[in-house]
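*Asks:* Below: one structure in C-alpha cells.
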Amino acid sequence: MRMLINVPETVVADALRGMAAAHPELTVDVENRVVLRRDAPVAGKVGLVSGGGSGHEPLHGGFVGPGMLAAACPGEVFTSPVPDQMVRAAAAVDSGAGVLFVVKNYTGDVLNFEMAAELAEDEGIQIAKVLVDDDVAVTDSLYTAGRRGTGATLFVEKIAGAAAEEGAPLERVEAVARRVNERSRSFGVALSACTTPAKGSPTFELPSGELELGIGIHGEPGRERRPMMTSGEIADVAVDAVLEDLRPSGPVLALVNGMGATPLLELYGFNAEVQRVLAERGVPVARTLVGNYVTSLDMAGCSVTLCQADEELLRFWDAPVQTPALRWGR
C-alpha cells in the first residue's frame, strides 16, 4: 500500500507540523500534541476541549477556532490521547469560566478524559464532560461499551461552541451539548477497509463487490455485509436505521459525511438520495452539511447523522465559526 508519509512513527507529528504551517491562527504544540486557538484563553468564556485518535481528520484539530473548540488533543492513529494532553489543553484554555470536555464514547477516550478531569479539578479548573454516543448500528463494539461516538461529535462541538462563544456559563454549555447528543443519531457504511500507517495494509477484509452496513470509524464491524448496493439503496437503509431510533417530530440537521476516500461527486449524489428518503418519510430538513468531516483514514464509504433541531439549536448552528475545516458567517 502506497502512503504519502515519511515513516509511520512520525506521521502524527508531521501532520501537526504541516497544520501549524498552514494555520497561523492556531497554536500547535507538536511536542505535547495540543492544538489551541491562538487567542486562548478567551476572557469570560467556557473553553471546549475535545480529542481522540488521529486518522479521523478534520476531527478534532480541524474544528479548533472561534465558534467551535478552544483546543484539541490528537492521539496516535486510532489511539486515545493521554490525560497529560487533556490537562495541558484545559489549563491553556481556562479563563476561569470552566472547561467542557467533549468525549466520544470509546473506552480509551472515556477513561483518559475521566482521569484528566480529576487532575484538572485538582489544579482548580472547573470541568464538565459530555459523552457523544450517537451511532445506532450496534450497541457494543470492539472499542466501546454502549453506542459509539461518530458524526454527532461535529454537531455537539459546533453548537456547544457557539453557546460558549456567546458567553453562556459552563452549566448552560454542558446542557446544550447534552441536548444535541440526545437528539442526534448516526449510521455508517464502508465500501472499503482503511489502512493504518503502522500496519500498511487494510485493517479488515472486505471482499470486492461487498459493503459493510453499520461500520465504525475505526473499521469496527457493523450489522451485516451485503453485496454492493446503489446509492439510493444505501440511503434507504441508513436513513431508515437512524429514523427508527431517533423518531424526529420536526426539522432536522443533516450531515452527509464521507469516510475519507469518497469524492464529493459521490457524496453529493448520495445526499440527493438521503434528501429523497427524508422527504418520502415526511421529515423536513433545516440544514445540510456534505463532506469528509469525521473520517477513517482512507476508507471509502459514508455516514448519515441527523439531529432533531429546534429554534435555539439552529441559531447556534448558524452562528459564525472560523476553523480550518468549518467556517461561515465571519
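By order of appearance in the C-alpha cells: chains A, B, ..., then residues from 1 within every chain, and ligands from 1 in the order shown.
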From a DSSP calculation on the backbone, collect every residue of stretch 199-323 of chain A in helix (DSSP H, G or I) and output the set as a compact mmCIF listing (two decimals) with N, CA and C atoms, in the first residue's frame.
*Replies:*
```txt
# COMPACT_ATOMS: atom_id res chain seq x y z
N SER A 231 -26.46 3.81 -4.55
CA SER A 231 -26.50 4.93 -3.62
C SER A 231 -27.89 5.08 -3.01
N GLY A 232 -28.92 4.93 -3.82
CA GLY A 232 -30.29 5.05 -3.31
C GLY A 232 -30.64 3.96 -2.33
N GLU A 233 -30.19 2.72 -2.61
CA GLU A 233 -30.46 1.62 -1.69
C GLU A 233 -29.74 1.82 -0.36
N ILE A 234 -28.49 2.31 -0.42
CA ILE A 234 -27.76 2.58 0.82
C ILE A 234 -28.46 3.66 1.62
N ALA A 235 -28.92 4.71 0.95
CA ALA A 235 -29.63 5.79 1.64
C ALA A 235 -30.89 5.27 2.32
N ASP A 236 -31.63 4.39 1.65
CA ASP A 236 -32.83 3.81 2.27
C ASP A 236 -32.49 3.12 3.59
N VAL A 237 -31.43 2.30 3.58
CA VAL A 237 -31.05 1.54 4.77
C VAL A 237 -30.55 2.48 5.87
N ALA A 238 -29.63 3.39 5.52
CA ALA A 238 -29.00 4.25 6.52
C ALA A 238 -30.00 5.21 7.15
N VAL A 239 -30.79 5.87 6.34
CA VAL A 239 -31.74 6.85 6.88
C VAL A 239 -32.82 6.16 7.70
N ASP A 240 -33.31 5.04 7.21
CA ASP A 240 -34.35 4.33 7.98
C ASP A 240 -33.81 3.85 9.33
N ALA A 241 -32.55 3.41 9.37
CA ALA A 241 -31.96 2.98 10.64
C ALA A 241 -31.89 4.14 11.63
N VAL A 242 -31.55 5.32 11.15
CA VAL A 242 -31.49 6.50 12.01
C VAL A 242 -32.88 6.90 12.46
N LEU A 243 -33.83 6.97 11.52
CA LEU A 243 -35.17 7.43 11.87
C LEU A 243 -35.89 6.46 12.80
N GLU A 244 -35.61 5.18 12.65
CA GLU A 244 -36.25 4.18 13.52
C GLU A 244 -35.90 4.43 14.98
N ASP A 245 -34.68 4.94 15.22
CA ASP A 245 -34.23 5.18 16.58
C ASP A 245 -34.53 6.61 17.03
N LEU A 246 -34.35 7.57 16.14
CA LEU A 246 -34.50 8.98 16.51
C LEU A 246 -35.96 9.42 16.58
N LEU A 264 -16.40 14.06 -3.43
CA LEU A 264 -17.61 14.87 -3.27
C LEU A 264 -18.64 14.58 -4.36
N LEU A 265 -18.20 14.23 -5.54
CA LEU A 265 -19.15 13.87 -6.60
C LEU A 265 -20.10 12.79 -6.12
N GLU A 266 -19.54 11.77 -5.46
CA GLU A 266 -20.36 10.68 -4.96
C GLU A 266 -21.16 11.10 -3.73
N LEU A 267 -20.54 11.90 -2.86
CA LEU A 267 -21.24 12.32 -1.64
C LEU A 267 -22.44 13.20 -1.95
N TYR A 268 -22.31 14.10 -2.91
CA TYR A 268 -23.46 14.93 -3.26
C TYR A 268 -24.56 14.09 -3.91
N GLY A 269 -24.16 13.11 -4.71
CA GLY A 269 -25.17 12.20 -5.26
C GLY A 269 -25.86 11.41 -4.17
N PHE A 270 -25.08 10.97 -3.17
CA PHE A 270 -25.66 10.26 -2.03
C PHE A 270 -26.58 11.18 -1.24
N ASN A 271 -26.17 12.45 -1.08
CA ASN A 271 -27.03 13.40 -0.38
C ASN A 271 -28.38 13.55 -1.07
N ALA A 272 -28.39 13.54 -2.40
CA ALA A 272 -29.66 13.62 -3.13
C ALA A 272 -30.59 12.47 -2.72
N GLU A 273 -30.01 11.29 -2.55
CA GLU A 273 -30.81 10.13 -2.15
C GLU A 273 -31.25 10.24 -0.69
N VAL A 274 -30.36 10.75 0.18
CA VAL A 274 -30.74 10.95 1.58
C VAL A 274 -31.91 11.93 1.67
N GLN A 275 -31.83 13.02 0.92
CA GLN A 275 -32.91 14.00 0.93
C GLN A 275 -34.22 13.39 0.40
N ARG A 276 -34.10 12.53 -0.61
CA ARG A 276 -35.29 11.84 -1.14
C ARG A 276 -35.95 10.99 -0.07
N VAL A 277 -35.14 10.20 0.64
CA VAL A 277 -35.70 9.32 1.67
C VAL A 277 -36.36 10.14 2.77
N LEU A 278 -35.70 11.20 3.21
CA LEU A 278 -36.28 12.03 4.27
C LEU A 278 -37.60 12.66 3.81
N ALA A 279 -37.65 13.10 2.56
CA ALA A 279 -38.90 13.68 2.05
C ALA A 279 -40.00 12.62 2.00
N GLU A 280 -39.65 11.42 1.55
CA GLU A 280 -40.63 10.34 1.50
C GLU A 280 -41.13 9.96 2.89
N GLU A 311 -35.40 25.92 17.49
CA GLU A 311 -35.01 27.28 17.11
C GLU A 311 -33.65 27.66 17.69
N GLU A 312 -33.41 27.29 18.95
CA GLU A 312 -32.14 27.66 19.57
C GLU A 312 -30.98 26.89 18.95
N LEU A 313 -31.14 25.60 18.72
CA LEU A 313 -30.05 24.82 18.14
C LEU A 313 -29.73 25.32 16.73
N LEU A 314 -30.74 25.69 15.96
CA LEU A 314 -30.49 26.24 14.63
C LEU A 314 -29.76 27.57 14.71
N ARG A 315 -30.09 28.40 15.70
CA ARG A 315 -29.41 29.67 15.86
C ARG A 315 -27.94 29.44 16.18
N PHE A 316 -27.66 28.48 17.05
CA PHE A 316 -26.27 28.18 17.37
C PHE A 316 -25.55 27.56 16.16
N TRP A 317 -26.25 26.73 15.40
CA TRP A 317 -25.66 26.14 14.20
C TRP A 317 -25.29 27.23 13.19
N ASP A 318 -26.15 28.20 13.01
CA ASP A 318 -25.91 29.26 12.03
C ASP A 318 -24.92 30.32 12.51
```
*Asks:* Using only C-alpha atoms, what does the table of stretch 134-187 of chain A residues within 12 Å of stretch 86-96 of chain A look like, with each row giving the shortest atom pair and its distance in Å to one decimal, sorted by chain and ascending number, as CSV?
*Replies:*
```
residue,atom,partner,partner_atom,distance
A:Ala164,CA,A:Ser95,CA,11.9
A:Gly167,CA,A:Ser95,CA,11.6
A:Pro169,CA,A:Gly96,CA,10.6
A:Leu170,CA,A:Gly96,CA,10.3
```
*Asks:* Run DSSP on the backbone of this structure and report the residues of stretch 119-165 of chain A it assigns to strand (DSSP E or B), as a ChimeraX atom specification.
*Replies:* /A:127-132,135
*Asks:* Only all heavy atoms, please: the residues just picked out, written as a CSV table (one decimal), in the first residue's frame.
*Replies:*
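Result went into out23.csv, see below:
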```
chain,number,residue,atom,x,y,z
A,127,ILE,N,-14.5,21.5,35.6
A,127,ILE,CA,-14.6,20.7,34.4
A,127,ILE,C,-16.0,20.1,34.3
A,127,ILE,O,-16.6,19.6,35.3
A,127,ILE,CB,-13.6,19.5,34.4
A,127,ILE,CG1,-12.2,20.0,34.5
A,127,ILE,CG2,-13.8,18.6,33.2
A,127,ILE,CD1,-11.7,20.6,33.2
A,128,ALA,N,-16.6,20.1,33.1
A,128,ALA,CA,-17.8,19.4,32.8
A,128,ALA,C,-17.5,18.4,31.7
A,128,ALA,O,-16.6,18.7,30.9
A,128,ALA,CB,-19.0,20.3,32.5
A,129,LYS,N,-18.3,17.3,31.6
A,129,LYS,CA,-18.0,16.4,30.5
A,129,LYS,C,-19.3,16.0,29.8
A,129,LYS,O,-20.3,15.8,30.5
A,129,LYS,CB,-17.4,15.1,31.1
A,129,LYS,CG,-16.1,15.3,31.8
A,129,LYS,CD,-15.5,14.0,32.3
A,129,LYS,CE,-16.4,13.3,33.3
A,129,LYS,NZ,-16.5,14.0,34.6
A,130,VAL,N,-19.2,15.8,28.5
A,130,VAL,CA,-20.4,15.3,27.7
A,130,VAL,C,-19.9,14.2,26.9
A,130,VAL,O,-18.9,14.3,26.2
A,130,VAL,CB,-21.0,16.4,26.8
A,130,VAL,CG1,-22.0,15.9,25.8
A,130,VAL,CG2,-21.6,17.5,27.7
A,131,LEU,N,-20.6,13.0,26.9
A,131,LEU,CA,-20.3,11.9,26.2
A,131,LEU,C,-21.1,11.8,24.9
A,131,LEU,O,-22.3,11.9,25.0
A,131,LEU,CB,-20.5,10.6,27.0
A,131,LEU,CG,-20.0,9.3,26.5
A,131,LEU,CD1,-18.5,9.3,26.5
A,131,LEU,CD2,-20.5,8.1,27.3
A,132,VAL,N,-20.5,11.6,23.8
A,132,VAL,CA,-21.2,11.5,22.5
A,132,VAL,C,-21.3,10.1,22.1
A,132,VAL,O,-20.3,9.3,22.0
A,132,VAL,CB,-20.4,12.3,21.4
A,132,VAL,CG1,-21.2,12.2,20.1
A,132,VAL,CG2,-20.2,13.7,21.8
A,135,ASP,N,-24.2,6.6,17.5
A,135,ASP,CA,-24.3,5.5,16.5
A,135,ASP,C,-25.4,4.5,16.8
A,135,ASP,O,-25.3,3.9,17.9
A,135,ASP,CB,-22.9,4.8,16.4
A,135,ASP,CG,-22.9,3.7,15.3
A,135,ASP,OD1,-23.5,3.9,14.3
A,135,ASP,OD2,-22.3,2.7,15.6
```
*Asks:* Between A:Ser249, A:Ser192, A:Thr323, A:Asn257, which residue has the minimum interatomic distance to A:Asn292, considering only C-alpha atoms?
*Replies:*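 Using only C-alpha atoms, A:Asn292 sits closest to A:Asn257.
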*Asks:* Excluding stretch 209-212 of chain A and any residue of its chain fewer than 2 positions from it, enumerate the residues within 12 Å of it, using only C-alpha atoms, and give them as a CSV table (one decimal) with N, CA, C and O atoms, in the first residue's frame.
*Replies:*
```csv
chain,number,residue,atom,x,y,z
A,137,ALA,N,-25.9,1.7,14.9
A,137,ALA,CA,-25.7,0.5,14.2
A,137,ALA,C,-25.6,-0.7,15.2
A,137,ALA,O,-26.1,-1.8,15.0
A,187,PHE,N,-25.5,6.6,11.3
A,187,PHE,CA,-25.3,5.2,10.7
A,187,PHE,C,-24.3,5.3,9.6
A,187,PHE,O,-24.4,6.2,8.7
A,188,GLY,N,-23.3,4.4,9.6
A,188,GLY,CA,-22.2,4.5,8.7
A,188,GLY,C,-22.1,3.2,7.8
A,188,GLY,O,-22.6,2.1,8.2
A,189,VAL,N,-21.5,3.4,6.6
A,189,VAL,CA,-21.4,2.3,5.7
A,189,VAL,C,-20.0,2.3,5.1
A,189,VAL,O,-19.4,3.4,4.7
A,190,ALA,N,-19.3,1.2,5.0
A,190,ALA,CA,-18.0,1.1,4.5
A,190,ALA,C,-18.0,0.4,3.1
A,190,ALA,O,-18.7,-0.7,2.9
A,191,LEU,N,-17.4,1.0,2.1
A,191,LEU,CA,-17.2,0.4,0.8
A,191,LEU,C,-15.8,-0.2,0.6
A,191,LEU,O,-15.6,-1.0,-0.3
A,192,SER,N,-14.9,0.1,1.5
A,192,SER,CA,-13.6,-0.5,1.5
A,192,SER,C,-13.0,-0.4,3.0
A,192,SER,O,-13.5,0.4,3.8
A,193,ALA,N,-12.0,-1.1,3.2
A,193,ALA,CA,-11.3,-1.1,4.5
A,193,ALA,C,-10.4,0.1,4.6
A,193,ALA,O,-10.0,0.6,3.5
A,204,PHE,N,-9.1,-4.7,7.9
A,204,PHE,CA,-10.0,-5.8,7.9
A,204,PHE,C,-10.3,-6.2,6.4
A,204,PHE,O,-10.0,-5.5,5.5
A,205,GLU,N,-10.8,-7.4,6.2
A,205,GLU,CA,-11.1,-7.9,4.9
A,205,GLU,C,-12.5,-7.6,4.5
A,205,GLU,O,-13.5,-7.9,5.2
A,206,LEU,N,-12.6,-6.9,3.3
A,206,LEU,CA,-14.0,-6.6,2.8
A,206,LEU,C,-13.9,-7.1,1.3
A,206,LEU,O,-13.3,-6.3,0.5
A,207,PRO,N,-14.4,-8.2,1.0
A,207,PRO,CA,-14.3,-8.7,-0.4
A,207,PRO,C,-14.8,-7.8,-1.4
A,207,PRO,O,-15.7,-7.0,-1.2
A,214,GLY,N,-23.3,-0.3,8.8
A,214,GLY,CA,-23.2,0.0,10.3
A,214,GLY,C,-21.7,0.0,10.8
A,214,GLY,O,-21.5,-0.2,12.0
A,215,ILE,N,-20.8,0.3,9.9
A,215,ILE,CA,-19.4,0.2,10.3
A,215,ILE,C,-19.0,1.3,11.3
A,215,ILE,O,-19.7,2.4,11.4
A,216,GLY,N,-18.0,1.1,12.1
A,216,GLY,CA,-17.5,2.2,13.0
A,216,GLY,C,-16.3,2.9,12.3
A,216,GLY,O,-15.8,2.5,11.3
A,219,GLY,N,-13.1,1.1,11.6
A,219,GLY,CA,-13.2,-0.2,10.9
A,219,GLY,C,-13.9,-1.3,11.7
A,219,GLY,O,-13.8,-2.4,11.3
A,220,GLU,N,-14.5,-0.9,12.8
A,220,GLU,CA,-15.2,-2.0,13.6
A,220,GLU,C,-16.3,-2.6,12.8
A,220,GLU,O,-17.0,-1.9,12.0
A,221,PRO,N,-16.7,-3.8,13.0
A,221,PRO,CA,-17.7,-4.5,12.3
A,221,PRO,C,-19.1,-3.7,12.5
A,221,PRO,O,-19.3,-3.1,13.5
A,222,GLY,N,-20.0,-3.9,11.5
A,222,GLY,CA,-21.3,-3.3,11.6
A,222,GLY,C,-22.4,-4.3,11.9
A,222,GLY,O,-22.1,-5.3,12.5
A,223,ARG,N,-23.5,-4.1,11.3
A,223,ARG,CA,-24.6,-5.0,11.5
A,223,ARG,C,-24.5,-6.2,10.5
A,223,ARG,O,-24.8,-7.3,10.9
A,224,GLU,N,-24.1,-6.0,9.3
A,224,GLU,CA,-24.1,-7.1,8.3
A,224,GLU,C,-23.4,-6.7,7.1
A,224,GLU,O,-23.1,-5.5,6.8
A,225,ARG,N,-23.0,-7.7,6.3
A,225,ARG,CA,-22.4,-7.4,5.0
A,225,ARG,C,-23.4,-7.8,3.9
A,225,ARG,O,-24.1,-8.8,4.1
A,226,ARG,N,-23.4,-7.0,2.8
A,226,ARG,CA,-24.3,-7.3,1.7
A,226,ARG,C,-23.5,-7.1,0.4
A,226,ARG,O,-22.5,-6.4,0.4
A,227,PRO,N,-24.0,-7.7,-0.7
A,227,PRO,CA,-23.5,-7.4,-2.0
A,227,PRO,C,-23.6,-5.8,-2.2
A,227,PRO,O,-24.5,-5.2,-1.7
A,228,MET,N,-22.8,-5.3,-3.0
A,228,MET,CA,-22.8,-3.9,-3.3
A,228,MET,C,-24.2,-3.4,-3.7
A,228,MET,O,-24.9,-4.0,-4.4
A,229,MET,N,-24.5,-2.2,-3.2
A,229,MET,CA,-25.9,-1.6,-3.4
A,229,MET,C,-25.7,-0.3,-4.1
A,229,MET,O,-24.6,0.3,-4.1
A,230,THR,N,-26.8,0.2,-4.7
A,230,THR,CA,-26.8,1.5,-5.3
A,230,THR,C,-26.8,2.6,-4.2
A,230,THR,O,-27.1,2.3,-3.0
A,231,SER,N,-26.5,3.8,-4.6
A,231,SER,CA,-26.5,4.9,-3.6
A,231,SER,C,-27.9,5.1,-3.0
A,231,SER,O,-28.0,5.3,-1.8
A,234,ILE,N,-28.5,2.3,-0.4
A,234,ILE,CA,-27.8,2.6,0.8
A,234,ILE,C,-28.5,3.7,1.6
A,234,ILE,O,-28.6,3.6,2.8
A,237,VAL,N,-31.4,2.3,3.6
A,237,VAL,CA,-31.1,1.5,4.8
A,237,VAL,C,-30.5,2.5,5.9
A,237,VAL,O,-31.0,2.4,7.0
A,238,ALA,N,-29.6,3.4,5.5
A,238,ALA,CA,-29.0,4.2,6.5
A,238,ALA,C,-30.0,5.2,7.2
A,238,ALA,O,-30.1,5.4,8.4
A,299,MET,N,-10.6,5.1,4.2
A,299,MET,CA,-11.8,4.3,4.0
A,299,MET,C,-12.8,4.9,3.0
A,299,MET,O,-13.1,6.1,3.1
A,300,ALA,N,-13.3,4.1,2.0
A,300,ALA,CA,-14.3,4.6,1.2
A,300,ALA,C,-15.6,4.3,1.8
A,300,ALA,O,-15.8,3.2,2.4
A,301,GLY,N,-16.6,5.2,1.8
A,301,GLY,CA,-17.9,5.0,2.5
A,301,GLY,C,-18.5,6.3,2.9
A,301,GLY,O,-18.0,7.4,2.5
A,302,CYS,N,-19.5,6.2,3.7
A,302,CYS,CA,-20.3,7.4,4.0
A,302,CYS,C,-21.0,7.1,5.4
A,302,CYS,O,-21.2,6.0,5.8
A,303,SER,N,-21.5,8.2,5.9
A,303,SER,CA,-22.4,8.1,7.1
A,303,SER,C,-23.4,9.2,7.0
A,303,SER,O,-23.2,10.2,6.4
```
*Asks:* Which is closer to A:Met259 than all the others in A:Leu306, A:Thr288, A:Gly146, A:Glu57, using only C-alpha atoms?
*Replies:*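 Among the listed residues, the smallest separation from A:Met259 belongs to A:Glu57.
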*Asks:* Determine the nearest neighbour of A:Gln308 from the options A:Gly250, A:Pro263, A:Gly258, A:Pro41, counting only C-alpha atoms.
*Replies:* A:Gly250
*Asks:* So, with only C-alpha atoms as the atoms that count, which of A:Pro66, A:Pro8, A:Gly108, A:Pro197 lies closest to A:Ile159?
*Replies:*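 Between A:Pro66, A:Pro8, A:Gly108, A:Pro197, the residue approaching A:Ile159 most closely is A:Pro66.
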*Asks:* Give me the residues near A:Ala13 as a ChimeraX atom specification, where near means some atom within 12 Å (using only C-alpha atoms) and where sequence neighbours in that chain fewer than 6 positions away do not count.
*Replies:* /A:5-7,19-20,28-35,54,74-77
*Asks:* Here is a test: counting only C-alpha atoms, which residue of A:Ile217, A:Ala145, A:Val252, A:Ala160 is nearest to A:Arg183?
*Replies:*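 The closest residue to A:Arg183 is A:Val252.
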*Asks:* Would you kindly return, as a list in words, each protein, DNA or RNA residue with an atom no farther than 6 Å from any atom of A:Val304, considering only C-alpha atoms and excluding same-chain residues fewer than 2 positions away?
*Replies:* Ser186, Phe187, Leu255 and Val256 of chain A
*Asks:* Keeping N, CA, C and O atoms for every residue in the selection just given, could you write it to a file as a compact mmCIF listing (two decimals), in the first residue's frame?
*Replies:*
```txt
# COMPACT_ATOMS: atom_id res chain seq x y z
N SER A 186 -26.65 8.43 14.20
CA SER A 186 -25.81 8.24 13.01
C SER A 186 -25.81 6.78 12.57
O SER A 186 -26.05 5.87 13.37
N PHE A 187 -25.47 6.58 11.29
CA PHE A 187 -25.30 5.24 10.73
C PHE A 187 -24.28 5.33 9.62
O PHE A 187 -24.39 6.19 8.73
N LEU A 255 -26.09 15.69 8.37
CA LEU A 255 -24.70 15.60 7.98
C LEU A 255 -24.55 14.38 7.09
O LEU A 255 -24.81 13.25 7.52
N VAL A 256 -24.16 14.60 5.84
CA VAL A 256 -23.82 13.51 4.93
C VAL A 256 -22.30 13.52 4.84
O VAL A 256 -21.69 14.40 4.23
```
*Asks:* Leaving out A:Thr153 and any residue of its chain fewer than 5 positions from it, which residues lie within 9 Å of it when counting only C-alpha atoms, given as a PyMOL selection string?
*Replies:* chain A and resi 59+102-104+132-134+158+181+294
*Asks:* Taking C-alpha atoms for each residue, export the selection above as a tab-separated table (two decimals), in the first residue's frame.
*Replies:*
```tsv
chain	number	residue	atom	x	y	z
A	59	LEU	CA	-11.92	15.84	13.58
A	102	VAL	CA	-16.44	16.61	24.61
A	103	VAL	CA	-15.72	12.87	24.66
A	104	LYS	CA	-16.59	10.28	22.01
A	132	VAL	CA	-21.18	11.53	22.49
A	133	ASP	CA	-22.83	8.18	21.69
A	134	ASP	CA	-24.92	8.65	18.55
A	158	LYS	CA	-20.31	23.37	16.65
A	181	ASN	CA	-26.23	14.43	21.62
A	294	VAL	CA	-15.45	12.54	10.56
```
*Asks:* Do a neighbour search on A:Ala97 at 8 Å with only C-alpha atoms, toss out local chain neighbours closer than 4 positions, and write the hits as an mmCIF file with C-alpha atoms, in the first residue's frame.
*Replies:*
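Result file follows (result22.cif):
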```cif
data_model
loop_
_atom_site.group_PDB
_atom_site.id
_atom_site.type_symbol
_atom_site.label_atom_id
_atom_site.label_comp_id
_atom_site.auth_asym_id
_atom_site.auth_seq_id
_atom_site.Cartn_x
_atom_site.Cartn_y
_atom_site.Cartn_z
ATOM 1 C CA GLY A 44 -15.083 35.091 30.482
ATOM 2 C CA LYS A 45 -15.782 32.219 28.075
ATOM 3 C CA VAL A 46 -16.054 28.476 28.608
ATOM 4 C CA GLY A 47 -13.315 26.528 26.822
ATOM 5 C CA GLN A 126 -13.885 23.534 36.798
ATOM 6 C CA PRO A 169 -21.948 29.690 31.591
ATOM 7 C CA LEU A 170 -20.481 26.194 31.865
#
```
